[in-house]
Each structure stands twice: as structure tokens, then as C-alpha cells.
$ cat protein_11.cif   # mmCIF, C-alpha atoms; chains and numbers go by the auth columns
data_my_file
#
loop_
_atom_site.group_PDB
_atom_site.id
_atom_site.type_symbol
_atom_site.label_atom_id
_atom_site.label_comp_id
_atom_site.label_asym_id
_atom_site.label_seq_id
_atom_site.Cartn_x
_atom_site.Cartn_y
_atom_site.Cartn_z
_atom_site.B_iso_or_equiv
_atom_site.auth_seq_id
_atom_site.auth_asym_id
ATOM 1 C CA MET A 1 0.602 11.764 -10.284 0.00 1 A
ATOM 2 C CA PRO A 2 2.959 13.159 -7.652 0.00 2 A
ATOM 3 C CA SER A 3 5.631 15.436 -9.147 0.00 3 A
ATOM 4 C CA TYR A 4 8.405 12.905 -8.444 0.00 4 A
ATOM 5 C CA VAL A 5 6.653 10.194 -10.491 0.00 5 A
ATOM 6 C CA ASP A 6 7.327 10.258 -14.226 0.00 6 A
ATOM 7 C CA ALA A 7 4.052 8.929 -15.638 0.00 7 A
ATOM 8 C CA GLU A 8 5.535 8.784 -19.160 0.00 8 A
ATOM 9 C CA ILE A 9 8.137 6.284 -17.977 0.00 9 A
ATOM 10 C CA GLY A 10 5.446 4.377 -16.104 0.00 10 A
ATOM 11 C CA MET A 11 3.266 4.268 -19.214 0.00 11 A
ATOM 12 C CA ARG A 12 6.195 2.974 -21.327 0.00 12 A
ATOM 13 C CA ASN A 13 6.859 0.310 -18.698 0.00 13 A
ATOM 14 C CA CYS A 14 3.225 -0.771 -19.092 0.00 14 A
ATOM 15 C CA GLY A 15 3.323 -1.021 -22.891 0.00 15 A
ATOM 16 C CA ASP A 16 1.868 2.470 -23.337 0.00 16 A
ATOM 17 C CA GLU A 17 -1.486 1.100 -22.147 0.00 17 A
ATOM 18 C CA GLU A 18 -3.151 3.611 -19.840 0.00 18 A
ATOM 19 C CA GLU A 19 -5.467 1.052 -18.231 0.00 19 A
ATOM 20 C CA GLN A 20 -2.541 -1.287 -17.567 0.00 20 A
ATOM 21 C CA TYR A 21 -0.602 1.596 -16.014 0.00 21 A
ATOM 22 C CA ARG A 22 -3.542 2.500 -13.766 0.00 22 A
ATOM 23 C CA GLU A 23 -3.847 -1.131 -12.698 0.00 23 A
ATOM 24 C CA ALA A 24 -0.115 -1.254 -11.894 0.00 24 A
ATOM 25 C CA VAL A 25 -0.521 1.854 -9.714 0.00 25 A
ATOM 26 C CA ARG A 26 -3.511 0.259 -7.958 0.00 26 A
ATOM 27 C CA ILE A 27 -1.550 -2.936 -7.272 0.00 27 A
ATOM 28 C CA VAL A 28 1.392 -0.985 -5.841 0.00 28 A
ATOM 29 C CA CYS A 29 -1.066 0.899 -3.605 0.00 29 A
ATOM 30 C CA ARG A 30 -2.954 -2.216 -2.547 0.00 30 A
ATOM 31 C CA TYR A 31 0.101 -3.951 -1.121 0.00 31 A
ATOM 32 C CA GLY A 32 2.127 -0.891 -0.113 0.00 32 A
ATOM 33 C CA ASP A 33 1.278 -0.787 3.591 0.00 33 A
ATOM 34 C CA GLU A 34 1.904 -4.510 3.944 0.00 34 A
ATOM 35 C CA LYS A 35 5.223 -4.296 2.086 0.00 35 A
ATOM 36 C CA LYS A 36 6.389 -1.382 4.236 0.00 36 A
ATOM 37 C CA LEU A 37 5.702 -3.354 7.431 0.00 37 A
ATOM 38 C CA GLN A 38 7.531 -6.339 5.962 0.00 38 A
ATOM 39 C CA LEU A 39 10.582 -4.210 5.123 0.00 39 A
ATOM 40 C CA LEU A 40 10.652 -2.751 8.625 0.00 40 A
ATOM 41 C CA ARG A 41 10.396 -6.226 10.170 0.00 41 A
ATOM 42 C CA LEU A 42 13.246 -7.594 8.042 0.00 42 A
ATOM 43 C CA MET A 43 15.470 -4.651 8.961 0.00 43 A
ATOM 44 C CA GLN A 44 14.672 -5.081 12.625 0.00 44 A
ATOM 45 C CA GLU A 45 15.565 -8.775 12.370 0.00 45 A
ATOM 46 C CA ARG A 46 18.699 -7.930 10.338 0.00 46 A
ATOM 47 C CA ASP A 47 17.577 -10.521 7.773 0.00 47 A
ATOM 48 C CA TYR A 48 19.699 -9.183 4.913 0.00 48 A
ATOM 49 C CA GLU A 49 18.940 -12.076 2.559 0.00 49 A
ATOM 50 C CA LYS A 50 15.169 -11.569 2.648 0.00 50 A
ATOM 51 C CA PHE A 51 15.626 -7.797 2.782 0.00 51 A
ATOM 52 C CA LEU A 52 17.624 -8.053 -0.465 0.00 52 A
ATOM 53 C CA THR A 53 14.715 -9.876 -2.111 0.00 53 A
ATOM 54 C CA GLU A 54 12.167 -7.335 -0.882 0.00 54 A
ATOM 55 C CA VAL A 55 14.211 -4.267 -1.801 0.00 55 A
ATOM 56 C CA HIS A 56 14.695 -5.753 -5.295 0.00 56 A
ATOM 57 C CA ALA A 57 10.907 -6.082 -5.662 0.00 57 A
ATOM 58 C CA LEU A 58 10.453 -2.581 -4.273 0.00 58 A
ATOM 59 C CA LYS A 59 12.906 -1.224 -6.851 0.00 59 A
ATOM 60 C CA ASN A 60 10.831 -2.856 -9.588 0.00 60 A
ATOM 61 C CA ASN A 61 7.579 -1.438 -8.188 0.00 61 A
ATOM 62 C CA PHE A 62 9.020 2.070 -8.083 0.00 62 A
ATOM 63 C CA ALA A 63 10.325 1.788 -11.646 0.00 63 A
ATOM 64 C CA THR A 64 7.106 0.267 -12.968 0.00 64 A
ATOM 65 C CA VAL A 65 5.078 3.349 -12.026 0.00 65 A
ATOM 66 C CA GLY A 66 7.861 5.833 -12.862 0.00 66 A
ATOM 67 C CA ALA A 67 9.207 6.766 -9.402 0.00 67 A
ATOM 68 C CA MET A 68 12.771 6.673 -10.698 0.00 68 A
ATOM 69 C CA GLU A 69 14.574 8.459 -7.853 0.00 69 A
ATOM 70 C CA LEU A 70 13.079 5.996 -5.362 0.00 70 A
ATOM 71 C CA ALA A 71 13.941 3.096 -7.713 0.00 71 A
ATOM 72 C CA HIS A 72 17.539 4.349 -7.863 0.00 72 A
ATOM 73 C CA ARG A 73 17.790 4.478 -4.051 0.00 73 A
ATOM 74 C CA ALA A 74 16.325 0.970 -3.744 0.00 74 A
ATOM 75 C CA ARG A 75 18.799 -0.286 -6.368 0.00 75 A
ATOM 76 C CA GLU A 76 21.704 1.202 -4.372 0.00 76 A
ATOM 77 C CA LEU A 77 20.526 -0.625 -1.241 0.00 77 A
ATOM 78 C CA GLU A 78 20.121 -3.833 -3.246 0.00 78 A
ATOM 79 C CA GLU A 79 23.661 -3.569 -4.633 0.00 79 A
ATOM 80 C CA ARG A 80 25.135 -2.859 -1.194 0.00 80 A
ATOM 81 C CA CYS A 81 23.372 -5.895 0.288 0.00 81 A
ATOM 82 C CA ARG A 82 24.391 -8.114 -2.612 0.00 82 A
ATOM 83 C CA SER A 83 28.051 -7.079 -2.325 0.00 83 A
ATOM 84 C CA GLY A 84 28.089 -7.605 1.446 0.00 84 A
ATOM 85 C CA LYS A 85 28.643 -3.893 2.185 0.00 85 A
ATOM 86 C CA ARG A 86 26.061 -3.657 4.928 0.00 86 A
ATOM 87 C CA ASP A 87 27.289 -0.518 6.730 0.00 87 A
ATOM 88 C CA GLY A 88 24.412 1.942 6.811 0.00 88 A
ATOM 89 C CA VAL A 89 21.984 -0.383 4.993 0.00 89 A
ATOM 90 C CA ILE A 90 19.564 -0.470 7.910 0.00 90 A
ATOM 91 C CA GLU A 91 19.675 3.293 8.456 0.00 91 A
ATOM 92 C CA ASP A 92 19.212 4.036 4.741 0.00 92 A
ATOM 93 C CA GLY A 93 16.571 1.316 4.533 0.00 93 A
ATOM 94 C CA LEU A 94 14.575 2.953 7.329 0.00 94 A
ATOM 95 C CA VAL A 95 14.643 6.286 5.488 0.00 95 A
ATOM 96 C CA LEU A 96 13.578 4.569 2.265 0.00 96 A
ATOM 97 C CA ALA A 97 10.754 2.743 4.085 0.00 97 A
ATOM 98 C CA GLU A 98 9.405 6.070 5.390 0.00 98 A
ATOM 99 C CA ASP A 99 9.633 7.619 1.934 0.00 99 A
ATOM 100 C CA TYR A 100 7.923 4.512 0.559 0.00 100 A
ATOM 101 C CA GLY A 101 5.047 5.080 2.998 0.00 101 A
ATOM 102 C CA SER A 102 4.694 8.673 1.777 0.00 102 A
ATOM 103 C CA PHE A 103 4.856 7.464 -1.825 0.00 103 A
ATOM 104 C CA ILE A 104 2.012 4.989 -1.199 0.00 104 A
ATOM 105 C CA GLU A 105 -0.128 7.706 0.420 0.00 105 A
ATOM 106 C CA ASP A 106 0.525 10.022 -2.546 0.00 106 A
ATOM 107 C CA LEU A 107 -0.457 7.273 -4.988 0.00 107 A
ATOM 108 C CA LYS A 108 -3.645 6.567 -3.037 0.00 108 A
ATOM 109 C CA LYS A 109 -4.631 10.229 -3.302 0.00 109 A
ATOM 110 C CA THR A 110 -3.986 10.128 -7.040 0.00 110 A
ATOM 111 C CA VAL A 111 -6.090 6.976 -7.450 0.00 111 A
ATOM 112 C CA LYS A 112 -8.952 8.560 -5.515 0.00 112 A
ATOM 113 C CA LEU A 113 -8.840 11.617 -7.784 0.00 113 A
ATOM 114 C CA ILE A 114 -8.885 9.412 -10.878 0.00 114 A
ATOM 115 C CA ASP A 115 -11.783 7.395 -9.504 0.00 115 A
ATOM 116 C CA LYS A 116 -13.691 10.555 -8.640 0.00 116 A
ATOM 117 C CA GLU A 117 -13.243 11.818 -12.193 0.00 117 A
ATOM 118 C CA GLU A 118 -14.491 8.480 -13.501 0.00 118 A
ATOM 119 C CA GLY A 119 -17.439 8.503 -11.116 0.00 119 A
ATOM 120 C CA LEU A 120 -16.339 5.568 -8.957 0.00 120 A
ATOM 121 C CA VAL A 121 -18.125 6.643 -5.805 0.00 121 A
ATOM 122 C CA ALA A 122 -19.560 4.033 -3.467 0.00 122 A
ATOM 123 C CA GLY A 123 -23.098 4.469 -2.167 0.00 123 A
ATOM 124 C CA ASP A 124 -24.112 3.924 1.465 0.00 124 A
ATOM 125 C CA GLU A 125 -25.620 0.493 0.771 0.00 125 A
ATOM 126 C CA GLU A 126 -22.524 -0.667 -1.088 0.00 126 A
ATOM 127 C CA ILE A 127 -20.250 0.561 1.720 0.00 127 A
ATOM 128 C CA ALA A 128 -22.367 -1.175 4.387 0.00 128 A
ATOM 129 C CA ARG A 129 -22.502 -4.418 2.397 0.00 129 A
ATOM 130 C CA SER A 130 -18.733 -4.373 1.855 0.00 130 A
ATOM 131 C CA PHE A 131 -18.060 -3.913 5.555 0.00 131 A
ATOM 132 C CA GLU A 132 -20.389 -6.815 6.361 0.00 132 A
ATOM 133 C CA GLU A 133 -18.327 -8.985 4.000 0.00 133 A
ATOM 134 C CA ILE A 134 -15.124 -7.766 5.676 0.00 134 A
ATOM 135 C CA LYS A 135 -16.593 -8.573 9.100 0.00 135 A
ATOM 136 C CA ALA A 136 -17.477 -12.117 7.971 0.00 136 A
ATOM 137 C CA CYS A 137 -13.910 -12.656 6.739 0.00 137 A
ATOM 138 C CA VAL A 138 -12.418 -11.359 10.008 0.00 138 A
ATOM 139 C CA LEU A 139 -14.691 -13.570 12.105 0.00 139 A
ATOM 140 C CA GLU A 140 -13.470 -16.551 10.061 0.00 140 A
ATOM 141 C CA GLY A 141 -9.824 -15.447 10.489 0.00 141 A
ATOM 142 C CA ARG A 142 -9.390 -14.718 6.765 0.00 142 A
ATOM 143 C CA PHE A 143 -7.453 -11.466 7.160 0.00 143 A
ATOM 144 C CA ASP A 144 -5.954 -11.544 3.649 0.00 144 A
ATOM 145 C CA ASP A 145 -9.423 -11.739 2.100 0.00 145 A
ATOM 146 C CA ALA A 146 -10.676 -8.992 4.431 0.00 146 A
ATOM 147 C CA SER A 147 -7.701 -6.779 3.525 0.00 147 A
ATOM 148 C CA ASP A 148 -8.306 -7.290 -0.189 0.00 148 A
ATOM 149 C CA LEU A 149 -11.983 -6.345 0.192 0.00 149 A
ATOM 150 C CA PHE A 150 -11.082 -3.335 2.295 0.00 150 A
ATOM 151 C CA GLU A 151 -8.432 -2.066 -0.101 0.00 151 A
ATOM 152 C CA VAL A 152 -10.840 -2.320 -3.024 0.00 152 A
ATOM 153 C CA LEU A 153 -13.433 -0.340 -1.067 0.00 153 A
ATOM 154 C CA ALA A 154 -10.805 2.177 0.037 0.00 154 A
ATOM 155 C CA PHE A 155 -10.288 3.128 -3.625 0.00 155 A
ATOM 156 C CA PHE A 156 -13.803 4.536 -3.730 0.00 156 A
ATOM 157 C CA ASN A 157 -14.472 8.099 -2.701 0.00 157 A
ATOM 158 C CA LEU A 158 -15.561 7.445 0.857 0.00 158 A
ATOM 159 C CA PRO A 159 -16.817 10.368 2.941 0.00 159 A
ATOM 160 C CA LYS A 160 -14.050 12.507 4.460 0.00 160 A
ATOM 161 C CA GLU A 161 -15.336 11.852 7.997 0.00 161 A
ATOM 162 C CA MET A 162 -14.405 8.186 7.520 0.00 162 A
ATOM 163 C CA GLU A 163 -10.639 8.864 7.254 0.00 163 A
ATOM 164 C CA SER A 164 -9.748 7.995 10.855 0.00 164 A
ATOM 165 C CA PHE A 165 -11.967 4.916 10.674 0.00 165 A
ATOM 166 C CA ILE A 166 -10.237 3.831 7.449 0.00 166 A
ATOM 167 C CA ASP A 167 -6.809 4.245 9.071 0.00 167 A
ATOM 168 C CA GLU A 168 -7.926 2.248 12.124 0.00 168 A
ATOM 169 C CA MET A 169 -9.362 -0.520 9.939 0.00 169 A
ATOM 170 C CA ARG A 170 -6.226 -0.714 7.791 0.00 170 A
ATOM 171 C CA ARG A 171 -3.980 -0.990 10.874 0.00 171 A
ATOM 172 C CA GLY A 172 -6.179 -3.664 12.422 0.00 172 A
ATOM 173 C CA LEU A 173 -6.248 -5.714 9.238 0.00 173 A
ATOM 174 C CA LEU A 174 -2.488 -5.427 8.677 0.00 174 A
ATOM 175 C CA GLU A 175 -1.801 -6.508 12.254 0.00 175 A
ATOM 176 C CA GLU A 176 -4.479 -9.228 12.071 0.00 176 A
ATOM 177 C CA ASP A 177 -6.010 -7.711 15.207 0.00 177 A
ATOM 178 C CA LYS A 178 -9.455 -9.322 15.237 0.00 178 A
ATOM 179 C CA ASP A 179 -10.720 -7.328 18.238 0.00 179 A
ATOM 180 C CA GLY A 180 -9.380 -4.061 16.828 0.00 180 A
ATOM 181 C CA VAL A 181 -11.061 -4.639 13.470 0.00 181 A
ATOM 182 C CA LEU A 182 -14.361 -5.601 15.093 0.00 182 A
ATOM 183 C CA HIS A 183 -14.164 -2.507 17.332 0.00 183 A
ATOM 184 C CA ALA A 184 -13.607 -0.291 14.275 0.00 184 A
ATOM 185 C CA LEU A 185 -16.489 -1.960 12.453 0.00 185 A
ATOM 186 C CA GLY A 186 -18.710 -1.377 15.487 0.00 186 A
ATOM 187 C CA LYS A 187 -17.855 2.320 15.315 0.00 187 A
ATOM 188 C CA PHE A 188 -18.754 2.322 11.638 0.00 188 A
ATOM 189 C CA GLN A 189 -22.105 0.622 12.242 0.00 189 A
ATOM 190 C CA THR A 190 -23.058 2.985 15.083 0.00 190 A
ATOM 191 C CA GLY A 191 -21.945 6.066 13.192 0.00 191 A
ATOM 192 C CA GLY A 192 -19.201 7.012 15.698 0.00 192 A
ATOM 193 C CA LEU A 193 -16.514 7.445 13.063 0.00 193 A
ATOM 194 C CA THR A 194 -14.645 10.434 14.447 0.00 194 A
#
$ encode --input "protein_11.cif" --output "C-alpha cells"
Amino acid sequence: MPSYVDAEIGMRNCGDEEEQYREAVRIVCRYGDEKKLQLLRLMQERDYEKFLTEVHALKNNFATVGAMELAHRARELEERCRSGKRDGVIEDGLVLAEDYGSFIEDLKKTVKLIDKEEGLVAGDEEIARSFEEIKACVLEGRFDDASDLFEVLAFFNLPKEMESFIDEMRRGLLEEDKDGVLHALGKFQTGGLT
């Protein structure tokens, strides 16, 4: 785990069950990019009521996995919003959202290392089949299903040369950009991943 995550606290929060803790980390990772975009949108719209709800959930996610300093910062933002003291909330929220993005990337790296140690490495046929399923979902406009499939696949140890493709796919799915996703998939199928 990243140095700023106290895994012992995270384990206690998950009933001292290692598998439950790992699953909590995976869930936080799976929805992290989406949650970050949602936070940024709410701050841009100055929707303090919904922002309060989201920052409360974010605080809980941080605490669940043991990222206590981030949980403390989210709690401070939550308290300021709840009390009506909104000066600086947006500015501090933007900083927290960026740190949240870094936190999610750090957790994803940790999950990949764990999966590698446990031998969870996808083969070429499995990767190709998964992307065909993602393509079918996108063509039907089922972006949530496609994102779920993609995030599960992204936990496997995909070849390093696929990193830019993975980033492009994730952005396209988050933005529900059908053409962008299909373009990225075309690059995958023709081998032009870099």
C-alpha cells in the first residue's frame, strides 16, 4: 500500500478480513475516476448540497482503506459545507480532488502488484474476448456495463505497451464517448496501441 495508507486501520475497518479489505480497495479503485469527475462537476456547478453528500462518501472511502489524512481533509470540507462556511471550499475541494486522483492511481498500482503476486494475469484470448464484450456494450449504449467490464479487465496485468490505450479507453467510457471508445478499440484490434 502507499506509505500514506495505514493498512492496519483499513484491515480493522474490514473486520480484520484480508479478502474483505482487498475487495474494499478494489471497489474504491473501480469507481474512483468516476467519483473524481463527479466531485469536479459539483464544484464547478457550486452545488454545495450534493457536494456535501459526495465528500461525506469520499471521507468514508478514505477511512475504509486507511487513508486517514485524506479522510481528515474530506471531513473538514464536509463540516465546513454543513455549517455554511463555504469560503475556500471550492479551492480546497479542487486540491482534494487532485490528491484523490493520485490516491486512486496509487491504489491501482498496488492492486496490480497484488494480482501479479497471485498470478492474475490475463491471456491474449481473454483480453480480446473482454474487449469484444465491451464493444458490444458500447454499441448498445450501455456505458456503465462497459465500464464495469473494463475496470475488471484493467485489474489484470496487461502489457505495459497498452497503458496509453487503457487511459484512452477509460476516458472514453467515463465521458460516454461512443466514437472515442470505438476508435480506441480499433487501435487495440489493429495493434496500434502506442
$ residues_around --input "protein_11.cif" --residues "range 89-91 of chain A" --least-positions-apart "5" --cutoff "10 Å" --atoms "all atoms listed in the file" --output "MDAnalysis selection string"
chainID A and resid 40 42:44 46 48 51 76:78 80:81 96:97
$ closest_residue --input "protein_11.cif" --among "A:Glu176, A:Arg12, A:Leu52, A:Lys109" --to "Ser83 in chain A" --atoms "all atoms listed in the file"
A:Leu52
$ resolve_selection --input "protein_11.cif" --expression "the PyMOL selection byres ((chain A and resi 169) around 12)" --output "tab-separated table (two decimals) with C-alpha atoms, keeping the file's coordinate frame"
chain	number	residue	atom	x	y	z
A	131	PHE	CA	-18.06	-3.91	5.56
A	134	ILE	CA	-15.12	-7.77	5.68
A	135	LYS	CA	-16.59	-8.57	9.10
A	138	VAL	CA	-12.42	-11.36	10.01
A	143	PHE	CA	-7.45	-11.47	7.16
A	146	ALA	CA	-10.68	-8.99	4.43
A	147	SER	CA	-7.70	-6.78	3.52
A	149	LEU	CA	-11.98	-6.34	0.19
A	150	PHE	CA	-11.08	-3.34	2.30
A	151	GLU	CA	-8.43	-2.07	-0.10
A	153	LEU	CA	-13.43	-0.34	-1.07
A	154	ALA	CA	-10.80	2.18	0.04
A	162	MET	CA	-14.40	8.19	7.52
A	163	GLU	CA	-10.64	8.86	7.25
A	164	SER	CA	-9.75	8.00	10.86
A	165	PHE	CA	-11.97	4.92	10.67
A	166	ILE	CA	-10.24	3.83	7.45
A	167	ASP	CA	-6.81	4.24	9.07
A	168	GLU	CA	-7.93	2.25	12.12
A	170	ARG	CA	-6.23	-0.71	7.79
A	171	ARG	CA	-3.98	-0.99	10.87
A	172	GLY	CA	-6.18	-3.66	12.42
A	173	LEU	CA	-6.25	-5.71	9.24
A	174	LEU	CA	-2.49	-5.43	8.68
A	175	GLU	CA	-1.80	-6.51	12.25
A	176	GLU	CA	-4.48	-9.23	12.07
A	177	ASP	CA	-6.01	-7.71	15.21
A	178	LYS	CA	-9.46	-9.32	15.24
A	179	ASP	CA	-10.72	-7.33	18.24
A	180	GLY	CA	-9.38	-4.06	16.83
A	181	VAL	CA	-11.06	-4.64	13.47
A	182	LEU	CA	-14.36	-5.60	15.09
A	183	HIS	CA	-14.16	-2.51	17.33
A	184	ALA	CA	-13.61	-0.29	14.28
A	185	LEU	CA	-16.49	-1.96	12.45
A	186	GLY	CA	-18.71	-1.38	15.49
A	187	LYS	CA	-17.86	2.32	15.32
A	188	PHE	CA	-18.75	2.32	11.64
A	193	LEU	CA	-16.51	7.44	13.06
$ atom_distance --input "protein_11.cif" --atom1 "CA of Thr64 in chain A" --atom2 "CA of Glu8 in chain A"
10.6 Å
$ axis_aligned_box --input "protein_11.cif" --around "range 16-21 of chain A" --padding-each-side "8 Å" --output "JSON"
{"center_x": -1.8, "center_y": 1.2, "center_z": -19.7, "size_x": 23.3, "size_y": 20.9, "size_z": 23.3}
$ residues_around --input "protein_11.cif" --residues "Glu105 in chain A" --least-positions-apart "3" --cutoff "12 Å" --atoms "only C-alpha atoms" --output "PyMOL selection string"
chain A and resi 1-2+25-26+28-33+36+98-102+108-112+155+167
$ atom_distance --input "protein_11.cif" --atom1 "CA of Asp47 in chain A" --atom2 "CA of Glu34 in chain A"
17.2 Å
